[in-house]
file coords_21.txt (compact mmCIF, C-alpha atoms and all ligand atoms)
# COMPACT_ATOMS: atom_id res chain seq x y z
CA MET A 1083 105.65 83.52 115.55
CA GLN A 1084 102.29 82.06 116.50
CA LEU A 1085 101.55 81.24 112.88
CA ARG A 1086 104.92 79.61 112.43
CA LYS A 1087 104.35 77.57 115.57
CA SER A 1088 101.01 76.25 114.41
CA ALA A 1089 102.42 75.46 110.97
CA ALA A 1090 105.25 73.63 112.67
CA LEU A 1091 102.85 71.70 114.90
CA ALA A 1092 100.69 70.77 111.93
CA ALA A 1093 103.73 69.56 110.07
CA ILE A 1094 104.89 67.58 113.09
CA ALA A 1095 101.47 65.93 113.34
CA VAL A 1096 101.79 64.90 109.71
CA ILE A 1097 105.28 63.63 110.37
CA ALA A 1098 104.05 61.57 113.31
CA LEU A 1099 101.23 60.14 111.19
CA THR A 1100 103.55 59.01 108.47
CA ALA A 1101 105.96 57.66 111.10
CA THR A 1102 108.93 58.76 109.10
CA ALA A 1103 110.32 61.27 111.61
CA CYS A 1104 111.63 63.81 109.14
CA GLY A 1105 112.18 61.21 106.50
CA GLY A 1106 110.10 60.90 103.40
CA LYS A 1107 110.50 60.01 99.79
CA GLU A 1108 113.95 60.59 98.31
CA GLY A 1109 114.04 64.33 97.76
CA SER A 1110 114.05 64.46 94.00
CA ALA A 1111 113.25 67.71 92.30
CA GLY A 1112 109.86 69.10 93.22
CA ASP A 1113 109.03 66.49 95.86
CA LYS A 1114 106.78 67.37 98.76
CA PRO A 1115 108.77 68.27 101.87
CA ALA A 1116 110.31 65.47 103.81
CA GLY A 1117 107.72 63.63 105.85
CA THR A 1118 104.69 65.22 104.23
CA LYS A 1119 101.75 63.15 103.09
CA PRO A 1120 100.83 63.55 99.43
CA GLY A 1121 98.28 66.32 99.20
CA ALA A 1122 99.11 67.84 102.56
CA SER A 1123 99.42 71.58 102.20
CA GLU A 1124 100.59 72.64 105.66
CA ALA A 1125 104.31 72.40 105.09
CA PRO A 1126 106.24 74.38 102.50
CA ALA A 1127 107.68 72.48 99.54
CA LEU A 1128 111.35 71.81 98.98
CA PRO A 1129 112.90 73.67 96.05
CA THR A 1130 114.01 72.09 92.80
CA TYR A 1131 117.75 71.89 92.11
CA THR A 1132 118.97 72.27 88.53
CA VAL A 1133 121.90 69.97 87.87
CA ALA A 1134 124.65 71.99 86.16
CA THR A 1135 126.27 70.66 83.02
CA GLY A 1136 129.83 70.99 81.77
CA VAL A 1137 131.32 71.79 85.17
CA ASP A 1138 135.08 71.38 85.23
CA LEU A 1139 137.10 72.27 88.29
CA ASP A 1140 140.78 71.97 88.95
CA SER A 1141 140.06 70.33 92.30
CA PRO A 1142 141.43 66.91 93.29
CA ALA A 1143 138.21 65.87 95.05
CA PHE A 1144 136.05 67.05 92.15
CA LYS A 1145 138.18 65.25 89.55
CA GLU A 1146 138.03 62.02 91.53
CA ALA A 1147 134.28 62.34 91.98
CA LYS A 1148 133.88 62.92 88.24
CA SER A 1149 135.91 59.84 87.36
CA ARG A 1150 134.03 57.60 89.81
CA GLY A 1151 130.76 59.10 88.60
CA LYS A 1152 129.49 60.11 92.02
CA LEU A 1153 130.10 62.42 94.92
CA ILE A 1154 130.71 61.03 98.39
CA ILE A 1155 129.09 63.34 100.92
CA GLY A 1156 129.51 63.04 104.68
CA ALA A 1157 126.42 63.78 106.78
CA LYS A 1158 124.77 63.18 110.13
CA ALA A 1159 122.05 60.57 110.47
CA ASP A 1160 120.60 61.28 113.92
CA GLN A 1161 119.61 64.92 113.78
CA PRO A 1162 115.90 65.35 112.96
CA PHE A 1163 115.19 68.27 110.59
CA LEU A 1164 118.95 68.69 109.93
CA GLY A 1165 120.67 65.45 108.95
CA PHE A 1166 118.47 62.44 109.47
CA GLU A 1167 118.39 58.93 108.03
CA ASP A 1168 115.18 56.94 108.31
CA GLN A 1169 116.43 53.57 109.48
CA SER A 1170 113.76 51.56 107.67
CA THR A 1171 113.76 53.37 104.31
CA LYS A 1172 117.38 54.64 104.47
CA VAL A 1173 116.09 57.95 103.11
CA ARG A 1174 117.96 61.04 104.28
CA SER A 1175 116.28 64.36 104.99
CA GLY A 1176 116.82 67.71 106.65
CA PHE A 1177 118.38 71.12 106.20
CA ASP A 1178 121.99 69.95 105.90
CA ILE A 1179 121.03 67.14 103.53
CA GLU A 1180 119.29 69.63 101.23
CA ILE A 1181 122.18 72.11 101.40
CA ALA A 1182 124.49 69.24 100.41
CA LYS A 1183 122.23 68.27 97.48
CA MET A 1184 121.95 71.89 96.34
CA ILE A 1185 125.76 72.17 96.21
CA ALA A 1186 126.04 68.79 94.47
CA ALA A 1187 123.66 69.96 91.74
CA ASP A 1188 125.81 73.05 91.13
CA LEU A 1189 128.83 70.76 90.80
CA GLY A 1190 126.96 68.69 88.20
CA PHE A 1191 125.81 65.75 90.36
CA SER A 1192 122.19 64.66 90.66
CA ASP A 1193 120.61 62.98 93.72
CA LYS A 1194 121.33 59.61 92.20
CA GLN A 1195 125.00 60.45 91.88
CA ILE A 1196 125.42 61.02 95.60
CA GLU A 1197 126.73 58.38 97.98
CA TRP A 1198 125.99 59.37 101.56
CA LYS A 1199 128.33 58.46 104.39
CA THR A 1200 127.31 58.90 108.01
CA VAL A 1201 130.09 60.66 109.87
CA ASP A 1202 129.59 61.32 113.59
CA SER A 1203 131.04 64.42 115.25
CA GLY A 1204 134.11 62.71 116.71
CA ILE A 1205 135.49 61.48 113.37
CA ARG A 1206 134.78 64.39 111.03
CA GLU A 1207 138.33 65.74 110.75
CA THR A 1208 139.69 62.23 110.08
CA ALA A 1209 137.05 61.41 107.45
CA ILE A 1210 137.62 64.70 105.64
CA SER A 1211 141.41 64.84 105.81
CA LYS A 1212 141.74 61.21 104.72
CA GLY A 1213 139.53 61.86 101.70
CA GLN A 1214 136.80 59.43 102.82
CA VAL A 1215 134.26 62.10 101.84
CA ASP A 1216 134.43 64.80 99.15
CA TYR A 1217 132.70 67.22 101.46
CA PHE A 1218 130.79 67.10 104.74
CA VAL A 1219 127.59 68.91 105.70
CA GLY A 1220 126.51 68.28 109.28
CA THR A 1221 126.14 71.04 111.88
CA TYR A 1222 129.88 71.55 111.62
CA THR A 1223 131.11 74.58 113.55
CA ILE A 1224 133.90 76.56 111.89
CA ASN A 1225 136.72 77.30 114.29
CA ASP A 1226 140.47 77.96 114.15
CA LYS A 1227 141.44 74.65 115.74
CA ARG A 1228 139.53 72.67 113.11
CA LYS A 1229 140.84 74.95 110.35
CA GLN A 1230 144.29 73.51 111.02
CA LEU A 1231 143.00 70.14 109.84
CA VAL A 1232 140.19 70.82 107.35
CA GLY A 1233 138.87 73.58 105.09
CA PHE A 1234 135.49 75.27 105.49
CA ALA A 1235 133.11 76.85 103.02
CA GLY A 1236 130.46 79.07 104.54
CA PRO A 1237 129.26 79.87 107.12
CA TYR A 1238 125.73 79.10 105.94
CA TYR A 1239 123.92 79.10 109.31
CA LYS A 1240 124.53 80.31 112.85
CA ALA A 1241 123.48 78.18 115.81
CA GLY A 1242 124.31 78.41 119.52
CA ALA A 1243 124.70 75.82 122.25
CA ASP A 1244 121.61 75.43 124.42
CA LEU A 1245 120.10 72.91 126.86
CA LEU A 1246 117.47 70.21 126.28
CA VAL A 1247 115.66 69.04 129.41
CA ARG A 1248 112.62 66.92 130.28
CA TYR A 1249 109.36 68.83 129.88
CA ASP A 1250 108.60 68.81 133.62
CA GLU A 1251 112.09 70.01 134.59
CA SER A 1252 111.99 73.11 136.77
CA ALA A 1253 115.38 73.13 138.51
CA ILE A 1254 117.38 73.73 135.32
CA THR A 1255 116.70 77.18 133.90
CA GLY A 1256 120.03 77.90 132.21
CA THR A 1257 123.74 77.25 132.45
CA ASP A 1258 123.85 78.81 135.93
CA SER A 1259 121.73 75.99 137.37
CA LEU A 1260 123.85 73.04 136.21
CA LYS A 1261 125.93 72.57 139.35
CA GLY A 1262 125.97 68.86 140.21
CA LYS A 1263 123.65 68.03 137.29
CA LYS A 1264 124.39 65.29 134.80
CA VAL A 1265 124.71 66.78 131.33
CA CYS A 1266 125.18 64.66 128.23
CA SER A 1267 127.00 65.80 125.10
CA ILE A 1268 128.83 64.39 122.13
CA VAL A 1269 132.42 63.34 121.68
CA GLY A 1270 134.26 65.71 119.33
CA SER A 1271 131.66 68.50 119.55
CA THR A 1272 132.26 72.10 120.58
CA PRO A 1273 129.40 72.23 123.16
CA LEU A 1274 131.01 69.27 124.96
CA GLN A 1275 134.26 71.23 125.31
CA GLU A 1276 132.30 74.21 126.59
CA ILE A 1277 130.21 72.36 129.17
CA LYS A 1278 133.28 70.66 130.60
CA LYS A 1279 134.57 74.01 131.84
CA PRO A 1280 134.66 73.97 135.67
CA GLU A 1281 132.61 77.18 135.90
CA TYR A 1282 129.44 75.25 134.96
CA GLY A 1283 129.99 72.62 137.69
CA ALA A 1284 128.22 69.95 135.62
CA SER A 1285 128.95 66.25 135.73
CA VAL A 1286 129.45 65.53 132.04
CA VAL A 1287 128.50 62.33 130.22
CA GLU A 1288 130.14 61.90 126.80
CA LEU A 1289 128.48 59.75 124.13
CA ALA A 1290 128.98 59.29 120.37
CA LYS A 1291 125.45 59.93 119.09
CA TYR A 1292 122.87 62.58 119.87
CA SER A 1293 120.12 60.01 119.85
CA ASP A 1294 121.90 58.19 122.72
CA CYS A 1295 122.07 61.36 124.83
CA VAL A 1296 118.37 62.04 124.23
CA GLN A 1297 117.52 58.46 125.17
CA GLN A 1298 119.43 58.90 128.45
CA LEU A 1299 117.49 62.10 129.11
CA LEU A 1300 114.15 60.40 128.51
CA THR A 1301 115.10 57.53 130.83
CA ASN A 1302 116.30 59.85 133.64
CA GLN A 1303 119.94 58.81 133.39
CA VAL A 1304 121.02 62.39 132.71
CA ASP A 1305 119.39 65.73 133.59
CA ALA A 1306 120.11 67.64 130.38
CA VAL A 1307 121.62 67.37 126.92
CA THR A 1308 123.70 70.17 125.52
CA THR A 1309 124.51 70.93 121.92
CA ASP A 1310 123.40 73.40 119.25
CA ASP A 1311 119.88 74.81 119.66
CA SER A 1312 119.11 73.80 116.05
CA ILE A 1313 119.65 70.13 116.92
CA LEU A 1314 117.89 70.27 120.29
CA LYS A 1315 114.80 71.96 118.84
CA GLY A 1316 114.48 69.10 116.38
CA TYR A 1317 114.39 66.57 119.20
CA ALA A 1318 111.95 68.70 121.23
CA ALA A 1319 109.67 69.04 118.18
CA GLN A 1320 109.59 65.28 117.79
CA ASN A 1321 108.62 64.78 121.43
CA PRO A 1322 106.97 68.03 122.60
CA LYS A 1323 105.18 66.46 125.56
CA LYS A 1324 108.40 65.12 127.05
CA LEU A 1325 111.19 67.49 126.04
CA LYS A 1326 111.82 71.23 125.90
CA VAL A 1327 114.70 73.55 125.01
CA ILE A 1328 115.67 76.16 127.59
CA GLY A 1329 116.19 78.80 124.88
CA LYS A 1330 119.24 80.65 126.20
CA PRO A 1331 122.09 80.00 123.73
CA PHE A 1332 125.50 80.33 125.39
CA THR A 1333 127.97 79.89 122.49
CA GLU A 1334 128.17 80.82 118.81
CA GLU A 1335 128.28 77.93 116.33
CA PRO A 1336 128.67 79.07 112.71
CA TYR A 1337 128.14 76.10 110.39
CA GLY A 1338 130.52 75.41 107.52
CA VAL A 1339 130.82 72.78 104.82
CA GLY A 1340 133.94 70.75 105.65
CA LEU A 1341 136.35 69.77 102.89
CA ASN A 1342 140.01 69.13 102.24
CA LYS A 1343 142.12 71.88 103.76
CA ASP A 1344 144.08 72.62 100.59
CA ASP A 1345 141.28 72.37 98.03
CA LYS A 1346 140.67 76.08 97.50
CA VAL A 1347 139.03 75.50 94.11
CA LEU A 1348 136.32 73.29 95.59
CA ARG A 1349 135.95 75.61 98.56
CA ASP A 1350 135.38 78.57 96.24
CA ALA A 1351 132.88 76.58 94.18
CA ILE A 1352 130.91 75.61 97.29
CA ASN A 1353 130.97 79.22 98.50
CA ASP A 1354 129.70 80.33 95.08
CA SER A 1355 126.86 77.84 95.35
CA LEU A 1356 125.91 78.96 98.86
CA GLU A 1357 126.04 82.63 97.94
CA LYS A 1358 124.03 82.17 94.74
CA HIS A 1359 121.25 80.25 96.46
CA ILE A 1360 121.10 82.48 99.50
CA GLN A 1361 120.47 85.30 97.03
CA ASP A 1362 117.99 83.51 94.76
CA GLY A 1363 115.78 82.31 97.63
CA THR A 1364 116.55 78.59 97.36
CA TYR A 1365 118.24 78.64 100.76
CA LYS A 1366 115.18 80.15 102.45
CA LYS A 1367 112.91 77.59 100.76
CA ILE A 1368 115.10 74.79 102.05
CA TYR A 1369 115.04 76.27 105.52
CA ASP A 1370 111.26 76.64 105.57
CA ALA A 1371 110.74 73.04 104.43
CA THR A 1372 113.21 71.52 106.93
CA LEU A 1373 114.69 73.25 109.96
CA GLY A 1374 111.93 75.86 110.04
CA LEU A 1375 109.45 73.07 110.87
CA SER A 1376 111.14 72.41 114.21
CA GLY A 1377 110.26 75.90 115.42
CA SER A 1378 113.65 77.54 114.77
CA GLU A 1379 112.94 81.11 113.77
CA TYR A 1380 114.42 82.06 110.37
CA THR A 1381 117.29 84.50 110.47
CA ALA A 1382 119.31 85.62 107.46
CA PRO A 1383 122.50 83.55 107.16
CA PRO A 1384 125.84 85.11 108.04
CA ALA A 1385 128.07 86.48 105.26
CA ILE A 1386 130.25 83.89 103.51
CA GLU A 1387 133.89 84.13 104.58
CA ARG A 1388 136.32 83.72 101.71
CA TYR A 1389 139.92 82.82 102.45
N1 LIG B 1401 128.16 72.43 115.98
C1 LIG B 1401 128.84 71.69 116.99
C2 LIG B 1401 130.10 71.06 116.46
O1 LIG B 1401 130.40 71.17 115.31
C3 LIG B 1401 127.95 70.66 117.64
C4 LIG B 1401 127.13 69.84 116.69
C5 LIG B 1401 127.83 68.61 116.19
O2 LIG B 1401 128.42 67.86 116.97
O3 LIG B 1401 127.75 68.38 115.01
O4 LIG B 1401 130.82 70.46 117.21
call {"tool": "encode", "arguments": {"input": "coords_21.txt", "output": "structure tokens", "more": "lines below"}}
Ligand code: GLU
result
Amino acid sequence: MQLRKSAALAAIAVIALTATACGGKEGSAGDKPAGTKPGASEAPALPTYTVATGVDLDSPAFKEAKSRGKLIIGAKADQPFLGFEDQSTKVRSGFDIEIAKMIAADLGFSDKQIEWKTVDSGIRETAISKGQVDYFVGTYTINDKRKQLVGFAGPYYKAGADLLVRYDESAITGTDSLKGKKVCSIVGSTPLQEIKKPEYGASVVELAKYSDCVQQLLTNQVDAVTTDDSILKGYAAQNPKKLKVIGKPFTEEPYGVGLNKDDKVLRDAINDSLEKHIQDGTYKKIYDATLGLSGSEYTAPPAIERY
């Protein structure tokens, strides 16, 4: 734990130095981890993805991607260590970005054959069901309500809703101390639905982007931000003198890859990819070089659910 923390802090220092948040050079095979200076040895390296050849799937999304010569992948852009886009270089980095690239390689698409589309939480079901993306990887909780609109491969990670507060906050110690407090969360997200329940007694502020909620926390406009601990730890790691995560998860958020509801062939192919790389260690390497750097302890991913 202590070792992991110091490795994480070292990596964060490097990240701060390079001023790329968790950005970095486009993650081509064998690159140093996102945000790492050439020659730096503190952070683990990202794995290499072998692009499969001769893949042919009887999937509408796959066939369309093949004929246009690229995959369109939906992702988040404002979640450090998960799905992040450096606004000056436009380079994307993080755990979800790498999982998306790993799957793309198994489908026969290289980095250069990926077109990224930023899709915020509130418009995910629309973007997926309207075919604006071939698949979506972005802290997307699998649940029955969403399953009526979209399909899910996975789960490939399990998070839980938690609270991000200012570093000097002492009044908020968990969900039982939110009465009358202003809590920010994101339109279309599951933690927003949870925190709106009257039992918490919070005054809820709803915004579209996580970065906006964090900004409001830093400028004292809200008292806390709630969403998945994985996301909050990334923000706390970027600003450890000003922000901290309470560390008492109060929901379960299993992450899935979102795709067209009826595309079972693509869903099976994505599940195959996840399963294969969880087993061969690629998944763990990705984790260590991305999300692991924000101080999230590694836990084995949940079993893939086939349906
Ligand atoms: N995992 C939650 C959800 O899918 C919160 C994170 C997010 O908004 O992406 O709603």
call {"tool": "residues_around", "arguments": {"input": "coords_21.txt", "residues": "range 1323-1332 of chain A", "least_positions_apart": "2", "cutoff": "8 Å", "atoms": "only C-alpha atoms", "output": "ChimeraX atom specification"}}
result
/A:1242-1250,1255-1257,1300,1311,1314-1315,1317-1318,1321,1334
call {"tool": "residues_near_point", "arguments": {"input": "coords_21.txt", "point": "(127.5, 69.1, 131.6)", "cutoff": "6 Å", "atoms": "all atoms listed in the file", "output": "list in words"}}
result
Lys1264, Val1265, Ile1277, Ala1284, Ser1285 and Val1286 of chain A
call {"tool": "write_last_selection", "arguments": {"input": "coords_21.txt", "atoms": "C-alpha atoms", "output": "PDB file, in the coordinates of the input"}}
result
ATOM      1  CA  LYS A1264     124.390  65.290 134.800  1.00  0.00           C
ATOM      2  CA  VAL A1265     124.710  66.780 131.330  1.00  0.00           C
ATOM      3  CA  ILE A1277     130.210  72.360 129.170  1.00  0.00           C
ATOM      4  CA  ALA A1284     128.220  69.950 135.620  1.00  0.00           C
ATOM      5  CA  SER A1285     128.950  66.250 135.730  1.00  0.00           C
ATOM      6  CA  VAL A1286     129.450  65.530 132.040  1.00  0.00           C
TER       7      VAL A1286
END
call {"tool": "closest_residue", "arguments": {"input": "coords_21.txt", "among": "A:Val1219, A:Leu1189, A:Ile1254, A:Ile1268", "to": "ligand LIG 1401 (chain B)", "atoms": "all atoms listed in the file"}}
result
A:Ile1268
call {"tool": "residues_near_ligand", "arguments": {"input": "coords_21.txt", "ligand": "ligand LIG 1401 (chain B)", "cutoff": "7 Å", "atoms": "only C-alpha atoms and all ligand atoms", "output": "list in words"}}
result
Ser1203, Gly1220, Thr1221, Tyr1222, Thr1223, Ile1268, Gly1270, Ser1271, Thr1272, Pro1273, Thr1309, Asp1310, Glu1335 and Tyr1337 of chain A
call {"tool": "atom_distance", "arguments": {"input": "coords_21.txt", "atom1": "CA of Phe1234 in chain A", "atom2": "CA of Ala1209 in chain A"}}
result
14.1 Å
call {"tool": "closest_residue", "arguments": {"input": "coords_21.txt", "among": "A:Leu1373, A:Val1287, A:Tyr1238, A:Asp1193", "to": "Glu1357 in chain A", "atoms": "all atoms listed in the file"}}
result
A:Tyr1238
call {"tool": "closest_residue", "arguments": {"input": "coords_21.txt", "among": "A:Gly1233, A:Leu1164, A:Lys1240, A:Asn1302", "to": "Cys1266 in chain A", "atoms": "all atoms listed in the file"}}
result
A:Asn1302
call {"tool": "closest_residue", "arguments": {"input": "coords_21.txt", "among": "A:Val1339, A:Ala1290, A:Val1201, A:Ala1157", "to": "Val1232 in chain A", "atoms": "only C-alpha atoms"}}
result
A:Val1339
call {"tool": "closest_residue", "arguments": {"input": "coords_21.txt", "among": "A:Leu1260, A:Tyr1365, A:Leu1375, A:Asn1353", "to": "Pro1162 in chain A", "atoms": "all atoms listed in the file"}}
result
A:Leu1375
call {"tool": "closest_residue", "arguments": {"input": "coords_21.txt", "among": "A:Gly1156, A:Gly1374, A:Pro1336, A:Pro1384", "to": "Ala1127 in chain A", "atoms": "only C-alpha atoms"}}
result
A:Gly1374
